[in-house]
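coords-v8.cif follows; it contains mmCIF, C-alpha atoms.
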data_run
loop_
_atom_site.label_atom_id
_atom_site.label_comp_id
_atom_site.auth_asym_id
_atom_site.auth_seq_id
_atom_site.Cartn_x
_atom_site.Cartn_y
_atom_site.Cartn_z
CA MET A 385 95.00 123.25 107.64
CA LEU A 386 94.62 119.82 109.19
CA ILE A 387 92.21 119.97 112.09
CA PRO A 388 92.67 117.53 115.00
CA GLU A 389 89.75 115.64 116.43
CA GLU A 390 88.77 117.31 119.69
CA GLY A 391 90.58 115.75 122.63
CA HIS A 392 92.66 113.33 120.56
CA GLY A 393 95.25 115.53 118.90
CA ARG A 394 95.00 113.47 115.73
CA ALA A 395 95.29 114.98 112.27
CA SER A 396 92.26 114.38 110.08
CA GLY A 397 92.11 113.81 106.33
CA ILE A 398 94.08 111.43 104.14
CA ARG A 399 97.43 113.03 104.89
CA GLY A 400 96.70 112.98 108.59
CA ARG A 401 95.79 109.30 108.51
CA VAL A 402 98.97 108.51 106.57
CA ALA A 403 100.96 110.43 109.17
CA GLU A 404 99.38 108.52 112.03
CA LEU A 405 99.99 105.22 110.23
CA CYS A 406 103.65 106.05 109.63
CA TYR A 407 104.07 107.00 113.28
CA SER A 408 102.25 103.99 114.73
CA THR A 409 104.16 101.51 112.55
CA GLY A 410 107.57 103.02 113.28
CA ALA A 411 108.09 104.01 109.64
CA LEU A 412 108.67 107.73 110.26
CA HIS A 413 112.32 107.52 111.26
CA PRO A 414 113.39 105.41 108.22
CA LEU A 415 111.38 107.71 105.94
CA GLN A 416 113.03 110.72 107.57
CA ARG A 417 116.49 109.26 106.93
CA VAL A 418 115.67 108.66 103.28
CA ARG A 419 114.32 112.20 102.95
CA SER A 420 117.43 113.71 104.56
CA TRP A 421 119.61 112.25 101.78
CA TRP A 422 117.95 114.35 99.10
CA GLN A 423 116.42 117.30 100.95
CA LYS A 424 118.48 119.13 103.53
CA ASP A 425 116.00 121.85 104.44
CA LEU A 426 116.03 123.83 107.66
CA ARG A 427 113.02 123.32 109.92
CA ILE A 428 112.12 126.03 112.43
CA LEU A 429 109.45 125.24 115.00
CA ALA A 430 107.26 128.11 116.22
CA TYR A 431 105.68 128.12 119.68
CA HIS A 432 103.81 130.78 121.64
CA ARG A 433 102.68 129.48 125.03
CA VAL A 434 103.37 126.22 126.88
CA MET A 435 100.88 125.67 129.70
CA PRO A 436 98.26 123.21 130.99
CA LEU A 437 95.10 123.39 128.89
CA PRO A 438 92.60 125.47 130.87
CA ASP A 439 88.85 125.10 131.10
CA PRO A 440 87.60 127.32 128.24
CA ALA A 441 84.63 128.37 130.35
CA ALA A 442 86.92 129.74 133.05
CA TYR A 443 89.85 130.97 130.95
CA ASP A 444 89.49 134.63 130.01
CA PHE A 445 92.21 134.90 127.37
CA ASP A 446 93.03 133.59 123.90
CA LEU A 447 93.12 129.78 123.75
CA GLU A 448 94.68 129.85 120.28
CA LEU A 449 97.99 131.11 121.67
CA ILE A 450 98.50 127.92 123.69
CA SER A 451 100.86 125.83 121.56
CA THR A 452 101.04 122.74 123.74
CA THR A 453 100.96 121.37 127.28
CA PRO A 454 104.06 120.87 129.45
CA GLU A 455 103.82 117.10 129.07
CA ARG A 456 103.53 117.22 125.30
CA PHE A 457 106.29 119.81 125.06
CA ARG A 458 108.70 117.54 126.95
CA ALA A 459 107.80 114.64 124.66
CA GLN A 460 108.26 116.84 121.59
CA MET A 461 111.70 117.98 122.74
CA LEU A 462 112.72 114.40 123.54
CA ARG A 463 111.81 113.36 120.00
CA LEU A 464 113.73 116.31 118.65
CA LYS A 465 116.80 115.29 120.64
CA GLN A 466 116.59 111.64 119.61
CA HIS A 467 115.93 111.99 115.89
CA PHE A 468 117.08 115.46 114.78
CA LEU A 469 119.89 117.96 115.20
CA PRO A 470 118.73 120.93 117.30
CA LEU A 471 120.61 124.11 116.35
CA ARG A 472 120.75 127.66 117.63
CA LEU A 473 119.41 130.19 115.17
CA SER A 474 122.75 132.00 115.43
CA ASP A 475 124.42 128.76 114.27
CA VAL A 476 122.33 129.02 111.12
CA ALA A 477 123.43 132.63 110.65
CA ALA A 478 127.09 131.67 111.10
CA ALA A 479 126.79 128.86 108.54
CA LEU A 480 125.15 131.19 106.02
CA ASP A 481 127.80 133.85 106.58
CA ALA A 482 130.53 131.26 105.99
CA GLY A 483 128.81 129.77 102.97
CA ASP A 484 128.58 126.40 104.68
CA SER A 485 125.79 123.89 104.16
CA LEU A 486 123.57 123.07 107.10
CA PRO A 487 123.69 119.49 108.38
CA PRO A 488 120.81 117.13 107.60
CA ASP A 489 117.76 117.24 109.87
CA ALA A 490 118.64 120.61 111.39
CA VAL A 491 115.81 121.99 113.57
CA VAL A 492 115.56 125.30 115.43
CA VAL A 493 113.09 125.90 118.29
CA THR A 494 111.60 129.39 118.58
CA PHE A 495 109.03 131.17 120.76
CA ASP A 496 107.14 134.38 119.99
CA ASP A 497 105.81 137.20 122.19
CA GLY A 498 107.45 136.62 125.59
CA TYR A 499 104.79 135.12 127.87
CA ASP A 500 106.11 134.20 131.30
CA ASP A 501 105.21 130.52 130.91
CA ASN A 502 108.14 130.44 128.49
CA TYR A 503 110.35 131.01 131.53
CA ARG A 504 108.38 129.01 134.09
CA ILE A 505 107.61 125.93 131.99
CA ALA A 506 109.45 125.75 128.65
CA TYR A 507 112.85 127.01 129.75
CA PRO A 508 113.43 124.42 132.53
CA ILE A 509 112.51 121.59 130.14
CA LEU A 510 114.80 122.90 127.41
CA ARG A 511 117.65 123.42 129.89
CA GLU A 512 117.26 119.93 131.34
CA LEU A 513 117.27 118.27 127.91
CA GLY A 514 120.00 120.47 126.47
CA ILE A 515 117.84 121.80 123.60
CA PRO A 516 118.78 125.29 122.37
CA ALA A 517 116.00 127.77 121.64
CA THR A 518 115.39 131.37 120.65
CA PHE A 519 112.83 133.49 122.49
CA PHE A 520 111.52 136.49 120.54
CA VAL A 521 110.12 139.16 122.87
CA SER A 522 108.25 142.42 122.43
CA THR A 523 110.47 144.70 124.51
CA GLY A 524 107.79 147.25 125.40
CA HIS A 525 105.75 144.59 127.16
CA ILE A 526 108.81 143.30 129.00
CA ASP A 527 109.46 146.90 130.13
CA THR A 528 105.95 147.50 131.46
CA GLY A 529 104.64 144.04 132.36
CA LYS A 530 101.38 144.94 130.59
CA PRO A 531 99.44 142.23 128.74
CA PHE A 532 99.70 141.88 124.98
CA GLY A 533 97.18 144.01 123.10
CA TYR A 534 95.55 141.36 120.93
CA ASP A 535 95.16 138.97 123.85
CA TRP A 536 93.69 141.77 125.94
CA LEU A 537 91.17 142.49 123.18
CA VAL A 538 89.99 138.86 123.35
CA HIS A 539 89.83 139.22 127.14
CA MET A 540 87.61 142.29 126.89
CA ILE A 541 85.23 140.70 124.40
CA LEU A 542 84.89 137.67 126.68
CA LEU A 543 84.16 139.78 129.76
CA THR A 544 82.31 142.87 128.57
CA THR A 545 78.80 143.59 129.82
CA ALA A 546 78.10 145.71 126.73
CA SER A 547 75.20 144.56 124.58
CA ARG A 548 76.84 145.52 121.28
CA LEU A 549 80.32 145.61 119.81
CA VAL A 550 80.66 148.83 117.84
CA LEU A 551 83.87 149.13 115.85
CA PRO A 552 83.56 151.83 113.18
CA GLU A 553 87.25 151.27 112.37
CA LEU A 554 86.29 147.84 111.02
CA GLY A 555 82.77 148.64 109.87
CA MET A 556 81.33 146.40 112.59
CA ASP A 557 78.26 146.95 114.76
CA VAL A 558 77.04 143.60 116.08
CA PRO A 559 75.39 142.17 119.21
CA VAL A 560 77.65 140.70 121.86
CA PRO A 561 76.44 137.12 122.39
CA SER A 562 75.96 135.72 125.87
CA ASP A 563 77.47 132.32 124.97
CA ARG A 564 81.20 132.08 125.74
CA ASP A 565 82.06 130.07 122.61
CA LEU A 566 80.22 132.55 120.42
CA ARG A 567 82.15 135.38 122.05
CA ARG A 568 85.40 133.61 121.21
CA ALA A 569 84.23 133.29 117.61
CA LEU A 570 83.37 136.99 117.55
CA ALA A 571 86.80 137.87 118.91
CA ALA A 572 88.43 135.78 116.19
CA THR A 573 86.42 137.65 113.55
CA VAL A 574 87.51 141.00 114.98
CA LEU A 575 91.15 139.99 115.03
CA GLN A 576 90.93 138.73 111.47
CA ASN A 577 89.32 141.98 110.27
CA MET A 578 92.01 144.04 111.98
CA LYS A 579 94.49 142.87 109.33
CA SER A 580 93.18 145.50 106.95
CA VAL A 581 93.78 148.57 109.12
CA ASP A 582 96.83 150.57 110.16
CA ALA A 583 98.68 149.36 113.28
CA ILE A 584 98.14 152.67 115.08
CA VAL A 585 94.41 152.48 114.31
CA GLN A 586 94.41 148.99 115.83
CA GLU A 587 95.98 150.28 119.04
CA THR A 588 93.65 153.27 119.22
CA MET A 589 90.62 150.98 118.79
CA ILE A 590 91.76 148.71 121.63
CA LYS A 591 92.42 151.69 123.91
CA ARG A 592 88.96 153.08 123.15
CA LEU A 593 87.33 149.79 124.14
CA GLU A 594 89.36 149.71 127.35
CA HIS A 595 87.94 153.12 128.26
CA GLU A 596 84.36 152.48 127.12
CA TRP A 597 84.13 149.09 128.79
CA GLN A 598 86.18 150.10 131.84
CA LEU A 599 88.62 147.23 131.38
CA PRO A 600 92.01 148.99 131.45
CA SER A 601 95.10 146.98 130.54
CA ASN A 602 97.34 148.72 133.10
CA THR A 603 97.40 145.53 135.11
CA GLU A 604 99.40 142.29 135.28
CA PRO A 605 96.89 139.42 135.08
CA GLU A 606 98.38 136.08 136.03
CA ASP A 607 97.15 134.37 132.87
CA CYS A 608 98.55 137.01 130.48
CA ARG A 609 101.87 138.09 131.95
CA PRO A 610 105.08 138.82 130.01
CA MET A 611 108.48 137.69 131.21
CA THR A 612 110.72 140.10 133.10
CA TRP A 613 114.18 141.32 132.19
CA SER A 614 115.68 139.44 135.12
CA GLN A 615 114.15 136.22 133.81
CA LEU A 616 115.43 136.91 130.31
CA ARG A 617 118.90 137.71 131.62
CA GLU A 618 118.93 134.36 133.44
CA MET A 619 117.89 132.53 130.28
CA HIS A 620 120.45 134.39 128.21
CA ALA A 621 123.21 133.59 130.71
CA ALA A 622 122.20 129.92 130.43
CA GLY A 623 122.90 130.02 126.68
CA PHE A 624 119.44 130.69 125.27
CA GLU A 625 119.02 133.30 122.56
CA ILE A 626 116.79 136.33 123.02
CA GLY A 627 115.61 138.05 119.85
CA SER A 628 113.39 140.96 118.87
CA HIS A 629 109.64 140.73 118.33
CA GLY A 630 109.35 144.48 117.98
CA VAL A 631 108.57 146.90 120.78
CA HIS A 632 104.77 146.86 121.00
CA HIS A 633 103.95 143.76 118.87
CA ARG A 634 102.81 145.95 115.99
CA MET A 635 102.42 144.72 112.42
CA LEU A 636 105.52 146.42 111.02
CA ALA A 637 104.24 146.68 107.45
CA LYS A 638 101.12 148.45 108.77
CA LEU A 639 103.15 151.27 110.35
CA PRO A 640 104.31 154.51 108.72
CA ARG A 641 107.82 153.93 107.43
CA ASP A 642 109.55 156.11 110.02
CA ARG A 643 107.59 154.48 112.87
CA MET A 644 108.42 151.04 111.48
CA ARG A 645 112.14 151.75 111.40
CA GLU A 646 111.96 153.22 114.91
CA GLU A 647 110.25 150.06 116.16
CA VAL A 648 112.96 147.84 114.64
CA TRP A 649 115.91 149.89 115.85
CA GLN A 650 114.48 150.59 119.30
CA SER A 651 113.78 146.92 120.00
CA LYS A 652 117.38 146.07 119.11
CA ALA A 653 118.80 148.84 121.26
CA THR A 654 116.68 147.80 124.25
CA LEU A 655 117.71 144.15 123.98
CA GLU A 656 121.38 145.09 123.79
CA ARG A 657 121.11 147.44 126.75
CA GLU A 658 119.24 145.00 128.97
CA LEU A 659 121.18 141.85 128.03
CA ASP A 660 124.58 143.47 127.47
CA ALA A 661 125.03 141.47 124.27
CA PRO A 662 124.47 141.99 120.54
CA ALA A 663 120.92 141.40 119.32
CA SER A 664 121.02 139.73 115.91
CA LEU A 665 117.73 137.85 115.50
CA MET A 666 114.26 139.15 114.60
CA SER A 667 110.76 137.67 114.41
CA TYR A 668 108.20 139.86 112.67
CA PRO A 669 105.14 140.38 114.90
CA VAL A 670 102.14 138.47 113.49
CA GLY A 671 104.45 137.44 110.66
CA GLY A 672 102.04 136.66 107.83
CA ASP A 673 102.57 138.04 104.35
CA ARG A 674 100.73 141.27 105.25
CA ALA A 675 102.79 141.85 108.40
CA PHE A 676 106.13 142.46 106.68
CA ASP A 677 107.34 143.56 103.27
CA GLU A 678 110.54 144.46 101.43
CA GLU A 679 110.97 147.70 103.35
CA VAL A 680 110.58 145.90 106.68
CA MET A 681 113.20 143.34 105.64
CA ASN A 682 115.55 146.09 104.51
CA ALA A 683 115.11 147.95 107.81
CA THR A 684 115.79 144.74 109.71
CA ARG A 685 118.98 144.14 107.75
CA ASP A 686 120.08 147.78 108.04
CA ALA A 687 119.60 147.70 111.83
CA GLY A 688 122.17 144.91 112.02
CA PHE A 689 119.98 141.84 112.49
CA GLN A 690 121.55 138.76 110.89
CA LEU A 691 118.39 136.68 110.42
CA ALA A 692 114.65 137.13 110.63
CA VAL A 693 111.77 134.65 110.79
CA CYS A 694 108.21 135.15 109.62
CA TYR A 695 105.02 133.16 110.23
CA ILE A 696 104.53 131.82 106.73
CA CYS A 697 104.51 128.08 107.12
CA GLY A 698 107.08 125.84 105.53
CA THR A 699 110.66 124.66 105.63
CA ASN A 700 113.73 126.37 104.17
CA PRO A 701 115.49 124.35 101.43
CA GLN A 702 117.86 127.26 100.75
CA PRO A 703 117.94 129.45 103.88
CA ALA A 704 120.40 131.88 102.33
CA SER A 705 117.78 132.94 99.80
CA ASN A 706 115.30 134.12 102.43
CA ARG A 707 117.42 134.77 105.51
CA TYR A 708 115.22 137.79 106.36
CA ALA A 709 111.97 135.84 105.99
CA LEU A 710 112.66 132.28 107.14
CA TYR A 711 109.58 130.05 107.18
CA ARG A 712 108.50 128.17 110.29
CA LEU A 713 106.37 125.19 111.30
CA PRO A 714 103.75 126.16 113.90
CA VAL A 715 103.02 123.88 116.83
CA GLU A 716 99.38 123.93 117.93
CA ARG A 717 97.78 122.73 121.11
CA MET A 718 95.81 119.78 119.70
CA MET A 719 98.80 118.14 118.00
CA GLY A 720 99.23 114.60 119.24
CA ALA A 721 102.55 112.76 119.22
CA GLY A 722 101.96 111.23 115.80
CA TRP A 723 101.01 114.49 114.13
CA PHE A 724 104.00 116.34 115.61
CA ALA A 725 106.44 113.56 114.70
CA ALA A 726 105.13 113.38 111.14
CA MET A 727 105.26 117.16 110.73
CA LEU A 728 108.95 117.12 111.63
CA ALA A 729 109.89 114.02 109.66
CA LEU A 730 107.78 114.69 106.56
CA PRO A 731 106.70 118.34 106.73
CA GLN A 732 105.33 118.49 103.20
CA LEU A 733 102.99 115.62 104.05
CA VAL A 734 101.17 117.03 107.07
CA SER A 735 102.15 120.65 107.63
CA TYR A 736 100.32 123.70 106.33
CA PRO A 737 100.69 124.92 102.74
CA THR A 738 104.03 126.70 102.44
CA VAL A 739 103.20 129.90 100.57
CA ASN A 740 101.29 132.84 102.05
CA ARG A 741 99.88 130.78 104.91
CA GLU A 742 99.31 132.26 108.34
CA PRO A 743 98.51 129.49 110.85
CA ALA A 744 95.26 129.74 112.78
CA HIS A 745 96.51 131.64 115.81
CA GLU A 746 98.45 134.11 113.68
CA GLN A 747 95.55 134.52 111.28
CA ALA A 748 93.60 135.72 114.25
CA HIS A 749 96.40 137.91 115.52
CA ALA A 750 96.92 139.89 112.38
#

Please render this file's structure as structure tokens.
Amino acid sequence: MLIPEEGHGRASGIRGRVAELCYSTGALHPLQRVRSWWQKDLRILAYHRVMPLPDPAAYDFDLELISTTPERFRAQMLRLKQHFLPLRLSDVAAALDAGDSLPPDAVVVTFDDGYDDNYRIAYPILRELGIPATFFVSTGHIDTGKPFGYDWLVHMILLTTASRLVLPELGMDVPVPSDRDLRRALAATVLQNMKSVDAIVQETMIKRLEHEWQLPSNTEPEDCRPMTWSQLREMHAAGFEIGSHGVHHRMLAKLPRDRMREEVWQSKATLERELDAPASLMSYPVGGDRAFDEEVMNATRDAGFQLAVCYICGTNPQPASNRYALYRLPVERMMGAGWFAAMLALPQLVSYPTVNREPAHEQAHA
């Protein structure tokens, strides 16, 4: 992973410096045109939250879920409109069904989870610029308005007055540091370790901490609020696609098989009931190579979804070969204009390794 210099949004390392040089000299667009002659791969951008960067000392939720600021998001979408061909994900499905090739420089914009800043901030910008996008939502959180479990876990670790964090499920019994940055690091470690346990065990562990620390999630905090069905219906009526991100944002491959299939089918049924339209697009929650498997892909196909995206990083040279596990390019909050532009124009140069790679925020949320 290329790490930006704090506050500059510049990619470090040799590849990062080459990317910045290409951007600053105006060479990216000609290089992109040359590349498009011989490689017509599908790029899918992955966002979570679009919001002003908060003060870490005062922000009580997960900073890693903030993909970019409103200003940078507008600039990113303008570049997309000027130099690429934005497509709907359903356009990709239609082309694959017809056996047609995708046009050069095709790019799809996607969002995961369903945070309300997607409606308040991202949606108006996309609508104004005429950029299509797909919003993948966890229907159970839209139903209840409750915060997302992994983000709430970070919240609790940041705020708890407990002196120790005792998690027998993960084999952890460690002091809770007083320093805010160290607490964030501890939360990241917990989220990383949760990858190894069953999804129901994960939920039970979070519920236990809510009770022990008296920090119940039956609330609607302003900084961790899902969208509402009325907001999603408005976006859908405006031409934006709404897809499934499961019901409760569970790692589908970590569920018993019957519970996994129920999660897939129920999310589809809820979307179709609330939006009065077919639901054909899926994003696997967490989305790394341990979050879905062959059985999850088969269940997704059997439920009637036409396409599914994962969170393994890369582009899709032959989308038909992995239409139920399409790779994406994550957008992260410290990406400056040069890094973002180079990632789109020359993804192999500056993006993450393609195979079995879960970007930083999804590594944590596994």

To test your reading of the syntax: which residues would the PyMOL selection byres ((chain A and resi 489) around 6) return for the file shown? Reply as a PyMOL selection string.
chain A and resi 468-469+488+490

Residues of the last selection are to be written out with C-alpha atoms, as an mmCIF file, in the frame of the given file.
data_model
loop_
_atom_site.group_PDB
_atom_site.id
_atom_site.type_symbol
_atom_site.label_atom_id
_atom_site.label_comp_id
_atom_site.auth_asym_id
_atom_site.auth_seq_id
_atom_site.Cartn_x
_atom_site.Cartn_y
_atom_site.Cartn_z
ATOM 1 C CA PHE A 468 117.080 115.460 114.780
ATOM 2 C CA LEU A 469 119.890 117.960 115.200
ATOM 3 C CA PRO A 488 120.810 117.130 107.600
ATOM 4 C CA ALA A 490 118.640 120.610 111.390
#

Using only C-alpha atoms, which of A:Gln576, A:Asn700, A:Ser522, A:Ser474 sits nearest A:Met611?
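Between A:Gln576, A:Asn700, A:Ser522, A:Ser474, the residue approaching A:Met611 most closely is A:Ser522.
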
State, in Å with one decimal place, the distance from atom CA of A:Trp597 to atom CA of A:Pro610.
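Answer for the atom CA of A:Trp597 to atom CA of A:Pro610 separation: 23.4 Å.
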
With only C-alpha atoms as the atoms that count, which of A:Leu575, A:Leu713, A:Ile526, A:Ala621 lies nearest to A:Ser651?
A:Ile526

Counting all atoms listed in the file, find the residues whose atoms lie at most 12 Å from (118.1, 141.0, 135.8) (file coordinates) and write them out as a list in words.
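So the residues meeting the distance criterion are Ile526, Asp527, Met611, Thr612, Trp613, Ser614, Gln615, Leu616, Arg617, Glu618, Met619, His620, Ala621, Arg657, Glu658, Leu659 and Asp660 of chain A.
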
Which neighbours of A:Asp425 fall inside 7 Å, counting all atoms listed in the file, when residues of the same chain fewer than 4 positions from it are skipped, and could you give them as a list in words?
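The residues that qualify are Thr699, Asn700, Pro701 and Gln702 of chain A.
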
Padding of 3 Å on every side, edges along x, y and z, all listed atoms of stretch 548-555 of chain A included: what centre and edge lengths in Å, to one decimal, does that box have, as JSON?
{"center_x": 82.0, "center_y": 148.7, "center_z": 115.6, "size_x": 16.4, "size_y": 12.3, "size_z": 17.4}

Can you tell me how far atom CA of A:Val574 sits from atom CA of A:His595, in Å to one decimal?
18.0 Å

What are the closest atom pairs, with distances in Å to one decimal, for all residues of stretch 524-575 of chain A lying within 12 Å of stretch 435-447 of chain A? Consider only C-alpha atoms, order rows by chain and residue number, and present the result as JSON lines.
{"residue": "A:Pro531", "atom": "CA", "partner": "A:Phe445", "partner_atom": "CA", "distance": 10.4}
{"residue": "A:Phe532", "atom": "CA", "partner": "A:Phe445", "partner_atom": "CA", "distance": 10.5}
{"residue": "A:Gly533", "atom": "CA", "partner": "A:Phe445", "partner_atom": "CA", "distance": 11.2}
{"residue": "A:Tyr534", "atom": "CA", "partner": "A:Asp446", "partner_atom": "CA", "distance": 8.7}
{"residue": "A:Asp535", "atom": "CA", "partner": "A:Asp446", "partner_atom": "CA", "distance": 5.8}
{"residue": "A:Trp536", "atom": "CA", "partner": "A:Phe445", "partner_atom": "CA", "distance": 7.2}
{"residue": "A:Leu537", "atom": "CA", "partner": "A:Phe445", "partner_atom": "CA", "distance": 8.7}
{"residue": "A:Val538", "atom": "CA", "partner": "A:Phe445", "partner_atom": "CA", "distance": 6.1}
{"residue": "A:His539", "atom": "CA", "partner": "A:Phe445", "partner_atom": "CA", "distance": 4.9}
{"residue": "A:Met540", "atom": "CA", "partner": "A:Asp444", "partner_atom": "CA", "distance": 8.5}
{"residue": "A:Ile541", "atom": "CA", "partner": "A:Asp444", "partner_atom": "CA", "distance": 9.3}
{"residue": "A:Leu542", "atom": "CA", "partner": "A:Asp444", "partner_atom": "CA", "distance": 6.4}
{"residue": "A:Leu543", "atom": "CA", "partner": "A:Asp444", "partner_atom": "CA", "distance": 7.4}
{"residue": "A:Thr544", "atom": "CA", "partner": "A:Asp444", "partner_atom": "CA", "distance": 11.0}
{"residue": "A:Asp563", "atom": "CA", "partner": "A:Ala441", "partner_atom": "CA", "distance": 9.8}
{"residue": "A:Arg564", "atom": "CA", "partner": "A:Ala441", "partner_atom": "CA", "distance": 6.8}
{"residue": "A:Asp565", "atom": "CA", "partner": "A:Ala441", "partner_atom": "CA", "distance": 8.3}
{"residue": "A:Leu566", "atom": "CA", "partner": "A:Ala441", "partner_atom": "CA", "distance": 11.6}
{"residue": "A:Arg567", "atom": "CA", "partner": "A:Asp444", "partner_atom": "CA", "distance": 10.9}
{"residue": "A:Arg568", "atom": "CA", "partner": "A:Asp446", "partner_atom": "CA", "distance": 8.1}
{"residue": "A:Ala569", "atom": "CA", "partner": "A:Asp446", "partner_atom": "CA", "distance": 10.8}
{"residue": "A:Ala571", "atom": "CA", "partner": "A:Asp446", "partner_atom": "CA", "distance": 9.1}
{"residue": "A:Ala572", "atom": "CA", "partner": "A:Asp446", "partner_atom": "CA", "distance": 9.2}
{"residue": "A:Leu575", "atom": "CA", "partner": "A:Asp446", "partner_atom": "CA", "distance": 11.1}

Nearest residue to A:Ile696 out of A:Asn502, A:Thr523, A:Ser667, A:Asn682, using all atoms listed in the file?
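Selected residue with least distance to A:Ile696: A:Ser667.
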
Given all atoms listed in the file as the basis, pick out the residue of A:Val670, A:Ala692, A:Val680, A:Val558 nearest to A:Thr518.
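Smallest separation from A:Thr518 among the options: A:Ala692.
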
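Here atom CA of A:Lys579 is placed at a distance of 13.5 Å from atom CA of A:His633.
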
A:Val585, A:Ala622, A:Leu554, A:Ala477 ranked by distance to A:Glu512, top pick (using only C-alpha atoms)
A:Ala622

Could you spell out the hits of the PyMOL selection byres ((chain A and resi 638) around 7) on the shown file, as a ChimeraX atom specification?
/A:582-583,635-637,639-640,675
